[in-house]
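For reference, the structure discussed in these notes is given below.
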Amino acid sequence: MSLDLQAVSKAYPGRRGGAPVQAVRELSLAVEPGEIVALLGSSGCGKTSTLRMVAGFEAVSSGSITLAGKRIEALPPARRGVAMAFEGYALYPPLTVRENIAFGLGNRGGEAGRRRVAEVAELLGIAPLMDRKPAALSGGEQQRAGLARALVRDAHLHLLDEPMGQLEPQLRAVLRGRVKALVKQRGLTAVLVTHDQAEAHAMADRIAVMEAGELQQFGPAAALRDAPANLFVATFFGEPPMNAVPAIAEPGGLRLRGADGEVAPGWRQDLPAAVPAPAGGEVVLGVRPGRLRLGEGPWRGIVVSNQWLGDQAHVAVEVCGRLLVAVSLARVPARVGEAIALGLDPADAHLFDAGSGRALAHGARRA
Ligand SMILES: Nc1ncnc2c1ncn2[C@@H]1O[C@H](COP(=O)(O)OP(=O)(O)OP(=O)(O)O)[C@@H](O)[C@H]1O
Ligand SMILES: [Mg+2]
């Protein structure tokens with residue numbers, strides 16, 4: 001079912017009379033039926049607060065929440081039709097894993113419910129643990145039981161808060177795919193909270209990047225990568241992050257600033273007419289590590305490190321005191337301390353306003 005948040009804000013009262021904590025600011029977000037949306041952001045950016053307001057465990061300070069065509073922000077949690085897997089699992093200690101998972105189905109489950117519980121437990125790899133109590137499970141097993149309990153439920157909306165945060169990377173990678181397949185197969189609508197961009201990438205149809213309670217950008221992963229809305233998204237989404245170099249715009253190109261903030265003599269970058277820069281404007285040039293060219297180009301740098309990671313090389317190069325990172329799928333024959341030529345195709349340039357961080361233009365090439 002569709003979920004629509006309109007200008008939702010959350011302020012927690014400050015402790016001991018201090019200033020209130022503004023956890024979520026004017027968040028507007030629409031999730032389509034059958035869609036998986038990831039809320040992605042660093043710790044404390046307001047992800048859990050947002051989910052808890054949708055689930056009804058936390059009141060909104062202002063704004064409206066509409067689910068399946070009905071305003072729900074004033075309804076008690078049980079009347080919202082929302083299933084949630086919590087960050088802290090919240091299993092019932094006296095119940096077995098099986099009873100915990102089946103709990104949300106109530107008495108309506110019957111034979112079909114039992115089958116669904118068994119299927120989801122199998123999928124999440126906890127079938128052998130069904131008769132144990134939560135206290136006899138590891139953290140990762142408890143987490144999977146909590147996730148199973150949410151996934152078996154029939155609900156308008158499934159909210160998953162860091163549902164695999166406790167699992168080791170390999171299991172996590174397997175379960176990402178399985179949980180996504182299950183959500184799609186059952187036609188569920190889901191909001192997934194994660195601070196792992198690989199998880200958001202693998203599971204979500206669209207990603208909402210949040211920072212300090214504010215939505216920075218909402219779109220498919222490819223849009224965040226190819227056309228980041230601002231410098232925050234550009235340097236947050238993508239691994240390793242986008243290189244960002246302050247510059248001053250001049251007709252046809254940029255004069256780049258070294259680490260001391262001064263315009264570095266001779267460090268220039270041409271820009272195509274399609275990437276307009278305000279003449280004299282303070283901007284930031286962005287270039288993805290995979291697009292920085294090594295061994296060719298007008299820039300001169302010194303190799304600071306050169307690591308082969310088995311399938312790609314990560315090379316750090318210092319140019320006018322600034323460290324730039326390049327990723328290459330072939331080994332780079334350059335030793336630490338050597339001089340190296342580098343540069344970029346103007347079609348790979350991204351341009352941001354230095355003051356606001358807002359994107360001004362993106363080169364034509366898409367990843
Ligand atoms: N009950 C509360 N009372 C006061 N402040 C709170 C409360 N719950 C959360 N906060 C604050 O609100 C902000 C957002 O918290 P939230 O739990 O939504 O972050 P998050 O994005 O889920 O982070 P994490 O990735 O660490 O789980 C934080 O600054 C947090 O300290
Ligand atoms: Mg959280």
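Numbering starts fresh at 1 for the residues of each chain in the structure tokens, the chains themselves are lettered A, B, ... in the order given, and ligands are numbered from 1 as they appear.
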Show me which residues line ligand 1, defined as having an atom within 12 Å of a ligand atom where only C-alpha atoms and all ligand atoms count, and present them as JSON, numbers by chain.
{"A": [9, 10, 11, 12, 13, 14, 15, 16, 18, 19, 20, 21, 22, 23, 24, 25, 39, 40, 41, 42, 43, 44, 45, 46, 47, 48, 49, 50, 51, 52, 53, 57, 58, 59, 86, 87, 88, 160, 161, 162, 163, 165, 192, 193, 194, 195, 196, 209, 210, 211, 212, 213, 214, 215]}
Using only C-alpha atoms, which protein or nucleic acid residues come within 12 Å of A:Pro128? Drop anything in the same chain fewer than 2 positions from it, and give the result as a PyMOL selection string.
chain A and resi 97-98+118+121-126+130-132+137+141+145
Closest to A:Arg335 among A:Ser64, A:Val304, A:Gly253, A:Phe237, using only C-alpha atoms?
A:Val304
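Proximity ranking of A:Lys180, A:Leu254, A:Gly81, A:Gln166 relative to A:Pro278 places A:Leu254 first, based on only C-alpha atoms.
In this structure, atom CA of A:Asp353 sits 12.8 Å away from atom CA of A:Val275.
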Go ahead and compute the interatomic distance for atom CA of A:His156 and atom CA of A:Ala78, in Å to one decimal.
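These atoms are spaced 12.1 Å apart.
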Within 8 Å of A:Ile101, counting only C-alpha atoms, which residues show up once you throw out same-chain ones fewer than 4 positions away? Write them as a PDB file with C-alpha atoms, in the first residue's frame, please.
```pdb
ATOM      1  CA  VAL A  97      11.070 -18.800  18.532  1.00  0.00           C
ATOM      2  CA  VAL A 117       6.115 -19.346   9.533  1.00  0.00           C
ATOM      3  CA  ALA A 145      13.649 -14.263  14.595  1.00  0.00           C
ATOM      4  CA  GLY A 146      12.491 -10.634  14.967  1.00  0.00           C
ATOM      5  CA  ALA A 148      10.773 -13.372  10.578  1.00  0.00           C
ATOM      6  CA  ARG A 149       8.028 -12.222  12.952  1.00  0.00           C
ATOM      7  CA  ALA A 150       7.598  -9.017  10.929  1.00  0.00           C
ATOM      8  CA  VAL A 152       5.099 -13.347   8.187  1.00  0.00           C
TER       9      VAL A 152
END
```
Need to verify the contact set: A:Ala330, 7 Å, only C-alpha atoms, exclusion of same-chain residues closer than 2 positions in sequence. Can you return it as a ChimeraX atom specification?
/A:312-313,328,332
